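Engineer: Structure file final36.txt, compact mmCIF, C-alpha atoms, is pasted below:
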```
# COMPACT_ATOMS: atom_id res chain seq x y z
CA MET A 8 -6.79 -5.30 -6.77
CA ASN A 9 -7.64 -3.55 -10.01
CA LEU A 10 -11.23 -2.42 -10.08
CA PRO A 11 -12.41 -2.05 -13.71
CA GLY A 12 -14.43 0.95 -14.81
CA GLN A 13 -17.48 -1.05 -15.87
CA LEU A 14 -17.90 -3.25 -12.81
CA LEU A 15 -19.77 -0.87 -10.48
CA GLY A 16 -22.38 1.82 -11.02
CA ASP A 17 -21.35 5.39 -11.87
CA PHE A 18 -22.32 6.52 -8.36
CA TRP A 19 -19.35 4.72 -6.80
CA TYR A 20 -16.83 6.15 -9.24
CA TRP A 21 -18.00 9.77 -8.96
CA LEU A 22 -18.29 9.49 -5.18
CA ALA A 23 -14.69 8.27 -5.13
CA TRP A 24 -13.54 11.28 -7.15
CA GLY A 25 -15.32 13.57 -4.70
CA LEU A 26 -13.42 11.99 -1.80
CA TRP A 27 -10.10 11.51 -3.56
CA LEU A 28 -9.59 15.11 -4.72
CA PRO A 29 -9.62 16.77 -1.25
CA LEU A 30 -7.59 13.89 0.19
CA MET A 31 -4.93 14.35 -2.47
CA GLY A 32 -4.98 18.10 -1.88
CA LEU A 33 -4.39 17.52 1.84
CA ALA A 34 -1.53 15.09 1.14
CA LEU A 35 0.11 17.57 -1.24
CA ARG A 36 -0.11 20.28 1.41
CA LEU A 37 1.24 18.14 4.26
CA ALA A 38 3.97 16.31 2.33
CA PRO A 39 7.53 17.16 3.51
CA TRP A 40 8.75 18.32 0.09
CA ARG A 41 11.91 19.77 1.64
CA ARG A 42 13.20 16.21 2.00
CA PHE A 43 13.58 16.06 -1.77
CA LYS A 44 16.44 18.53 -1.48
CA ASN A 45 18.34 15.36 -0.66
CA GLY A 46 18.85 13.90 -4.12
CA ASN A 47 19.26 10.36 -2.79
CA PHE A 48 15.89 10.47 -1.05
CA LEU A 49 14.18 11.69 -4.22
CA ASN A 50 15.87 8.98 -6.27
CA VAL A 51 14.72 6.27 -3.86
CA TRP A 52 11.14 7.61 -3.90
CA LEU A 53 11.00 7.73 -7.70
CA GLY A 54 12.77 4.38 -7.98
CA MET A 55 10.25 2.70 -5.69
CA ILE A 56 7.41 4.14 -7.76
CA VAL A 57 8.88 2.67 -10.95
CA VAL A 58 9.44 -0.73 -9.30
CA LEU A 59 5.86 -0.82 -8.00
CA ILE A 60 4.47 0.12 -11.41
CA LEU A 61 6.18 -2.97 -12.81
CA ILE A 62 5.01 -5.18 -9.93
CA TRP A 63 1.39 -3.95 -10.05
CA SER A 64 1.32 -4.52 -13.80
CA MET A 65 2.15 -8.20 -13.26
CA LYS A 66 -1.10 -9.61 -11.91
CA ALA A 67 -3.01 -12.87 -11.98
CA GLY A 68 -6.77 -13.27 -12.13
CA ILE A 69 -9.55 -15.00 -14.02
CA LYS A 70 -12.46 -12.59 -13.51
CA PRO A 71 -12.76 -8.78 -13.71
CA GLY A 72 -11.70 -7.10 -10.49
CA LEU A 73 -10.34 -10.27 -8.91
CA ASP A 74 -6.72 -9.70 -9.84
CA LEU A 75 -3.95 -10.53 -7.39
CA HIS A 76 -0.50 -8.99 -7.20
CA LEU A 77 2.11 -7.96 -4.67
CA THR A 78 1.69 -4.40 -3.42
CA GLY A 79 4.72 -3.22 -1.42
CA ILE A 80 2.40 -0.76 0.35
CA MET A 81 3.64 -1.32 3.91
CA LEU A 82 7.25 -1.07 2.77
CA PHE A 83 6.51 2.13 0.84
CA TYR A 84 4.81 3.63 3.89
CA LEU A 85 7.67 2.73 6.24
CA LEU A 86 10.15 4.29 3.84
CA PHE A 87 8.36 7.58 3.19
CA ASP A 88 5.59 8.01 5.79
CA LEU A 89 1.94 8.88 5.20
CA PRO A 90 1.66 11.90 2.83
CA LEU A 91 4.48 10.86 0.49
CA ALA A 92 3.29 7.26 0.56
CA PHE A 93 -0.24 8.28 -0.48
CA ILE A 94 1.06 10.52 -3.26
CA GLY A 95 3.61 7.96 -4.45
CA LEU A 96 1.12 5.08 -4.53
CA ASN A 97 -1.26 7.22 -6.57
CA LEU A 98 1.58 7.86 -9.01
CA VAL A 99 1.97 4.09 -9.24
CA LEU A 100 -1.72 3.85 -10.15
CA LEU A 101 -1.23 6.63 -12.69
CA GLY A 102 1.58 4.64 -14.26
CA ILE A 103 -0.50 1.48 -14.67
CA THR A 104 -3.40 3.59 -15.97
CA LEU A 105 -1.18 5.11 -18.66
CA ASN A 106 0.05 1.67 -19.73
CA GLY A 107 -3.54 0.52 -20.17
CA SER A 108 -3.84 -1.76 -17.14
CA MET A 109 -6.54 0.32 -15.41
CA ASP A 110 -9.55 2.37 -16.52
CA CYS A 111 -9.36 6.14 -16.01
CA ILE A 112 -12.84 6.40 -14.46
CA ALA A 113 -11.85 3.88 -11.77
CA PHE A 114 -8.62 5.70 -10.88
CA ALA A 115 -9.99 7.53 -7.82
CA LEU A 116 -11.74 4.47 -6.36
CA ASN A 117 -8.63 2.35 -6.80
CA GLY A 118 -6.60 5.20 -5.35
CA LEU A 119 -8.82 5.43 -2.26
CA ILE A 120 -8.54 1.70 -1.61
CA MET A 121 -4.97 0.93 -2.61
CA ALA A 122 -3.24 4.20 -1.68
CA GLY A 123 -5.70 5.60 0.86
CA LEU A 124 -6.76 2.57 2.84
CA GLY A 125 -3.43 0.84 2.21
CA SER A 126 -1.50 3.74 3.72
CA GLY A 127 -4.12 4.10 6.46
CA PHE A 128 -3.85 0.43 7.43
CA SER A 129 -0.06 0.79 7.46
CA PHE A 130 -0.28 3.83 9.72
CA LEU A 131 -2.62 2.08 12.18
CA ILE A 132 -0.45 -1.05 12.31
CA ARG A 133 2.68 0.99 12.95
CA ARG A 134 1.03 3.04 15.70
CA GLY A 135 -0.56 -0.05 17.23
CA VAL A 136 2.79 -1.85 17.39
CA ASP A 137 4.48 1.21 18.92
CA TYR A 138 1.73 1.44 21.54
CA CYS A 139 1.65 -2.24 22.49
CA VAL A 140 5.27 -3.36 22.16
CA PRO A 141 8.54 -1.65 23.21
CA ARG A 142 10.39 -0.32 20.18
CA HIS A 143 13.27 -2.49 19.02
CA PHE A 144 15.01 -3.34 15.75
CA PHE A 145 13.47 -6.81 15.50
CA VAL A 146 10.05 -5.49 16.47
CA PHE A 147 10.34 -3.00 13.63
CA VAL A 148 11.35 -5.62 11.09
CA PHE A 149 9.06 -8.51 12.07
CA LEU A 150 5.93 -6.83 13.40
CA LYS A 151 5.88 -3.83 11.08
CA GLY A 152 7.79 -4.93 8.00
CA PHE A 153 6.85 -8.63 7.98
CA PHE A 154 3.48 -9.20 9.66
CA GLY A 155 2.37 -5.63 8.95
CA ALA A 156 2.85 -6.13 5.22
CA ALA A 157 0.73 -9.28 5.29
CA LEU A 158 -2.05 -7.60 7.26
CA VAL A 159 -2.18 -4.66 4.85
CA VAL A 160 -2.60 -6.97 1.85
CA MET A 161 -5.30 -8.99 3.59
CA GLY A 162 -7.07 -5.79 4.65
CA ILE A 163 -7.16 -4.57 1.07
CA GLY A 164 -8.43 -7.96 -0.11
CA LEU A 165 -11.21 -7.85 2.48
CA THR A 166 -12.15 -4.31 1.38
CA PHE A 167 -12.46 -5.32 -2.26
CA SER A 168 -14.45 -8.40 -1.26
CA LEU A 169 -16.89 -6.32 0.80
CA LEU A 170 -17.31 -3.90 -2.10
CA TYR A 171 -18.05 -6.72 -4.53
CA GLY A 172 -20.33 -8.54 -2.11
CA VAL A 173 -22.40 -5.49 -1.09
CA ASN A 174 -22.94 -4.59 -4.75
CA ALA A 175 -23.75 -8.21 -5.67
CA ILE A 176 -20.97 -8.26 -8.27
CA TYR A 177 -19.95 -11.71 -7.03
CA SER A 178 -21.69 -13.93 -4.53
CA TRP A 179 -20.44 -14.04 -0.95
CA ASP A 180 -19.85 -17.78 -1.26
CA TYR A 181 -17.68 -17.31 -4.31
CA LEU A 182 -15.65 -14.54 -2.67
CA LEU A 183 -15.15 -16.54 0.53
CA GLU A 184 -14.18 -19.73 -1.28
CA GLU A 185 -12.40 -18.59 -4.43
CA TYR A 186 -10.96 -15.14 -3.70
CA LEU A 187 -10.23 -14.32 -0.07
CA PRO A 188 -8.23 -17.51 0.71
CA TYR A 189 -5.64 -16.52 -1.89
CA TYR A 190 -4.90 -13.38 0.10
CA LEU A 191 -3.44 -15.58 2.83
CA LEU A 192 -0.89 -16.89 0.34
CA LEU A 193 -0.34 -13.44 -1.13
CA GLY A 194 0.10 -11.99 2.35
CA PHE A 195 2.78 -14.57 3.14
CA SER A 196 4.69 -13.68 -0.05
CA GLU A 197 4.29 -9.97 0.60
CA ALA A 198 5.56 -10.41 4.15
CA TRP A 199 8.72 -12.24 3.12
CA ILE A 200 9.65 -9.82 0.36
CA SER A 201 8.86 -6.67 2.36
CA GLY A 202 10.66 -7.97 5.43
CA MET A 203 13.73 -8.94 3.43
CA VAL A 204 13.97 -5.62 1.55
CA LEU A 205 13.36 -3.64 4.74
CA THR A 206 16.09 -5.54 6.59
CA LEU A 207 18.62 -4.87 3.83
CA MET A 208 17.77 -1.19 3.83
CA LEU A 209 18.03 -0.92 7.61
CA VAL A 210 21.43 -2.60 7.55
CA TYR A 211 22.95 -0.70 4.63
CA ARG A 212 20.84 2.46 4.20
CA PRO A 213 18.84 3.17 7.40
CA GLU A 214 18.56 6.85 6.42
CA TRP A 215 16.19 5.78 3.62
CA VAL A 216 13.61 4.49 6.12
CA SER A 217 11.75 7.57 7.37
CA SER A 218 9.83 5.78 10.13
CA PHE A 219 12.98 4.24 11.63
CA ASP A 220 14.62 6.13 14.50
CA GLY A 221 17.95 4.54 15.36
CA SER A 222 18.18 6.26 18.74
CA ILE A 223 14.94 4.53 19.79
CA ASP A 224 14.66 1.37 17.67
CA LEU A 225 18.29 0.43 18.37
CA GLY A 226 18.09 1.30 22.04
CA ASP A 227 20.81 3.95 21.75
CA LYS A 228 23.28 1.27 20.70
```
Could you render the structure from this file as structure tokens?

Structural biologist:
Amino acid sequence: MNLPGQLLGDFWYWLAWGLWLPLMGLALRLAPWRRFKNGNFLNVWLGMIVVLILIWSMKAGIKPGLDLHLTGIMLFYLLFDLPLAFIGLNLVLLGITLNGSMDCIAFALNGLIMAGLGSGFSFLIRRGVDYCVPRHFFVFVFLKGFFGAALVVMGIGLTFSLLYGVNAIYSWDYLLEEYLPYYLLLGFSEAWISGMVLTLMLVYRPEWVSSFDGSIDLGDK
């Protein structure tokens, strides 16, 4: 989950910058900055960024690019929605870049995968659940916060694996046997932590969860 700067050819890194810059510009334009007039909302956003910087800095791995760590991406998305989630997750990447845990040249590619695809997967899961299942408090917590968090992590793991496999960085057999299976365990851990934190927030501070609508998800109760 931390793609080093020397692992792929320069083409991939410069292509990523070409895609990341307009995407970040769009996110900055669409972000609901007026919400930061509420000091509590701004504090929660900044606090989550700091917490994720610490979590993303604590990773395990034995080969370059095959690091594993919790992400909190689905939780971050549910709290702040798409534009602010994309911007915030990129600030998390900026933080771990400044502390020396990630190469500057690989920032955009990591940003596209972790912040871009991570937020995109979260958006699709949320919309898919809303389309297929009637909205309810427990649906929100278990399908979006719990299972959704696990699916996002596994989706990111699959994306990194495809990138390594297509570029022959690691063999497909090695990725399938020694890398991807650990995402099942990581997804389980991510699900429990995200589901627990989300539940506490919904009970004590539901106004912090942007994607939660009490009049719908609580059935007007």

Engineer: Nearest to A:Gly172 among A:Leu105, A:Leu15, A:Val140, A:Leu209, with distances taken over only C-alpha atoms: which residue is it?

Structural biologist: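 Ranking A:Leu105, A:Leu15, A:Val140, A:Leu209 by distance to A:Gly172, first place goes to A:Leu15.
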
Engineer: Mind giving me the straight-line distance from atom CA of A:Gly95 to atom CA of A:Ile56 in Å, one decimal?

Structural biologist: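 About the pair atom CA of A:Gly95 and atom CA of A:Ile56: they are 6.3 Å apart.
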
Engineer: Give me, please, the distance in Å between atom CA of A:Leu37 and atom CA of A:Leu53, quoted to one decimal.

Structural biologist: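 Separation of atom CA of A:Leu37 and atom CA of A:Leu53: 18.6 Å.
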
Engineer: When you count only C-alpha atoms, which of these residues is closest to A:Arg36: A:Ile94, A:Phe114, A:Ala198, A:Asp137?

Structural biologist: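 Looking only at the distances to A:Arg36, the closest residue turns out to be A:Ile94.
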
Engineer: Output as JSON lines one row per residue of stretch 11-105 of chain A within 10 Å of stretch 132-135 of chain A: the closest atom pair and its distance in Å to one decimal place, counting all atoms listed in the file, sorted by chain and residue number ascending.

Structural biologist:
```
{"residue": "A:Met81", "atom": "CA", "partner": "A:Ile132", "partner_atom": "CA", "distance": 9.3}
{"residue": "A:Tyr84", "atom": "CA", "partner": "A:Arg133", "partner_atom": "CA", "distance": 9.7}
{"residue": "A:Leu85", "atom": "CA", "partner": "A:Arg133", "partner_atom": "CA", "distance": 8.5}
```

Engineer: Figure out the distance between atom CA of A:Phe195 and atom CA of A:Leu182, please, to one decimal in Å.

Structural biologist: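 Value for the atom CA of A:Leu182-atom CA of A:Phe195 distance: 19.3 Å.
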
Engineer: Can you work out which one of A:Leu89, A:Ala34, A:Val173, A:Leu98 has the shortest atom-to-atom distance to A:Gly127, counting only C-alpha atoms?

Structural biologist: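 Once distances to A:Gly127 are computed over only C-alpha atoms, the minimum belongs to A:Leu89.
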
Engineer: Counting all atoms listed in the file, which residue out of A:Asn174, A:Ser218, A:Ser108, A:Asn117 sits closest to A:Lys151?

Structural biologist: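 Selected residue with least distance to A:Lys151: A:Ser218.
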
Engineer: So that I can check the surroundings of stretch 120-125 of chain A, please list as a ChimeraX atom specification every protein, DNA and RNA residue that reaches within 7 Å of it, counting all atoms listed in the file and ignoring chain neighbours fewer than 6 positions away.

Structural biologist: /A:80,93,96-97,159,163

Engineer: Counting only C-alpha atoms, what is within 9 Å of A:Met203, bar same-chain residues fewer than 4 positions away, as a VMD selection string?

Structural biologist: chain A and resid 148 152 to 153 198 to 199 207 to 208

Engineer: So which residues fall inside 12 Å of (-0.3, -9.5, 6.7) if we count all atoms listed in the file? Mind giving them as a PDB file with C-alpha atoms, keeping the file's coordinate frame?

Structural biologist:
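And here's selection_7.pdb as it stands now:
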```
ATOM      1  CA  LEU A  77       2.110  -7.960  -4.670  1.00  0.00           C
ATOM      2  CA  THR A  78       1.690  -4.400  -3.420  1.00  0.00           C
ATOM      3  CA  GLY A  79       4.720  -3.220  -1.420  1.00  0.00           C
ATOM      4  CA  ILE A  80       2.400  -0.760   0.350  1.00  0.00           C
ATOM      5  CA  MET A  81       3.640  -1.320   3.910  1.00  0.00           C
ATOM      6  CA  LEU A  82       7.250  -1.070   2.770  1.00  0.00           C
ATOM      7  CA  GLY A 125      -3.430   0.840   2.210  1.00  0.00           C
ATOM      8  CA  PHE A 128      -3.850   0.430   7.430  1.00  0.00           C
ATOM      9  CA  SER A 129      -0.060   0.790   7.460  1.00  0.00           C
ATOM     10  CA  ILE A 132      -0.450  -1.050  12.310  1.00  0.00           C
ATOM     11  CA  PHE A 149       9.060  -8.510  12.070  1.00  0.00           C
ATOM     12  CA  LEU A 150       5.930  -6.830  13.400  1.00  0.00           C
ATOM     13  CA  LYS A 151       5.880  -3.830  11.080  1.00  0.00           C
ATOM     14  CA  GLY A 152       7.790  -4.930   8.000  1.00  0.00           C
ATOM     15  CA  PHE A 153       6.850  -8.630   7.980  1.00  0.00           C
ATOM     16  CA  PHE A 154       3.480  -9.200   9.660  1.00  0.00           C
ATOM     17  CA  GLY A 155       2.370  -5.630   8.950  1.00  0.00           C
ATOM     18  CA  ALA A 156       2.850  -6.130   5.220  1.00  0.00           C
ATOM     19  CA  ALA A 157       0.730  -9.280   5.290  1.00  0.00           C
ATOM     20  CA  LEU A 158      -2.050  -7.600   7.260  1.00  0.00           C
ATOM     21  CA  VAL A 159      -2.180  -4.660   4.850  1.00  0.00           C
ATOM     22  CA  VAL A 160      -2.600  -6.970   1.850  1.00  0.00           C
ATOM     23  CA  MET A 161      -5.300  -8.990   3.590  1.00  0.00           C
ATOM     24  CA  GLY A 162      -7.070  -5.790   4.650  1.00  0.00           C
ATOM     25  CA  ILE A 163      -7.160  -4.570   1.070  1.00  0.00           C
ATOM     26  CA  GLY A 164      -8.430  -7.960  -0.110  1.00  0.00           C
ATOM     27  CA  LEU A 165     -11.210  -7.850   2.480  1.00  0.00           C
ATOM     28  CA  TYR A 190      -4.900 -13.380   0.100  1.00  0.00           C
ATOM     29  CA  LEU A 191      -3.440 -15.580   2.830  1.00  0.00           C
ATOM     30  CA  LEU A 192      -0.890 -16.890   0.340  1.00  0.00           C
ATOM     31  CA  LEU A 193      -0.340 -13.440  -1.130  1.00  0.00           C
ATOM     32  CA  GLY A 194       0.100 -11.990   2.350  1.00  0.00           C
ATOM     33  CA  PHE A 195       2.780 -14.570   3.140  1.00  0.00           C
ATOM     34  CA  SER A 196       4.690 -13.680  -0.050  1.00  0.00           C
ATOM     35  CA  GLU A 197       4.290  -9.970   0.600  1.00  0.00           C
ATOM     36  CA  ALA A 198       5.560 -10.410   4.150  1.00  0.00           C
ATOM     37  CA  TRP A 199       8.720 -12.240   3.120  1.00  0.00           C
ATOM     38  CA  ILE A 200       9.650  -9.820   0.360  1.00  0.00           C
ATOM     39  CA  SER A 201       8.860  -6.670   2.360  1.00  0.00           C
ATOM     40  CA  GLY A 202      10.660  -7.970   5.430  1.00  0.00           C
TER      41      GLY A 202
END
```

Engineer: Please identify all polymer residues within 10 Å of A:Met65, counting all atoms listed in the file, omitting same-chain residues fewer than 2 positions from it, and present them as JSON, numbers by chain.

Structural biologist: {"A": [59, 60, 61, 62, 63, 67, 74, 75, 76, 77, 108]}

Engineer: Using only C-alpha atoms, can you tell me which of A:Ile69, A:Val99, A:Gly118, A:Met8 comes closest to A:Leu26?

Structural biologist: A:Gly118

Engineer: Using only C-alpha atoms, which residue out of A:Leu91, A:Gly16, A:His143, A:Trp179 lies closest to A:Arg41?

Structural biologist: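 When distances to A:Arg41 are compared using only C-alpha atoms, the smallest one comes from A:Leu91.
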
Engineer: Taking 6 positions as the minimum chain separation for residues in the same chain, which residues sit within 10 Å of A:Arg42 when counting only C-alpha atoms? Answer as a CSV table (one decimal) with C-alpha atoms, keeping the file's coordinate frame.

Structural biologist:
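Output (part-v5.csv):
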```csv
chain,number,residue,atom,x,y,z
A,48,PHE,CA,15.9,10.5,-1.0
A,49,LEU,CA,14.2,11.7,-4.2
A,87,PHE,CA,8.4,7.6,3.2
```
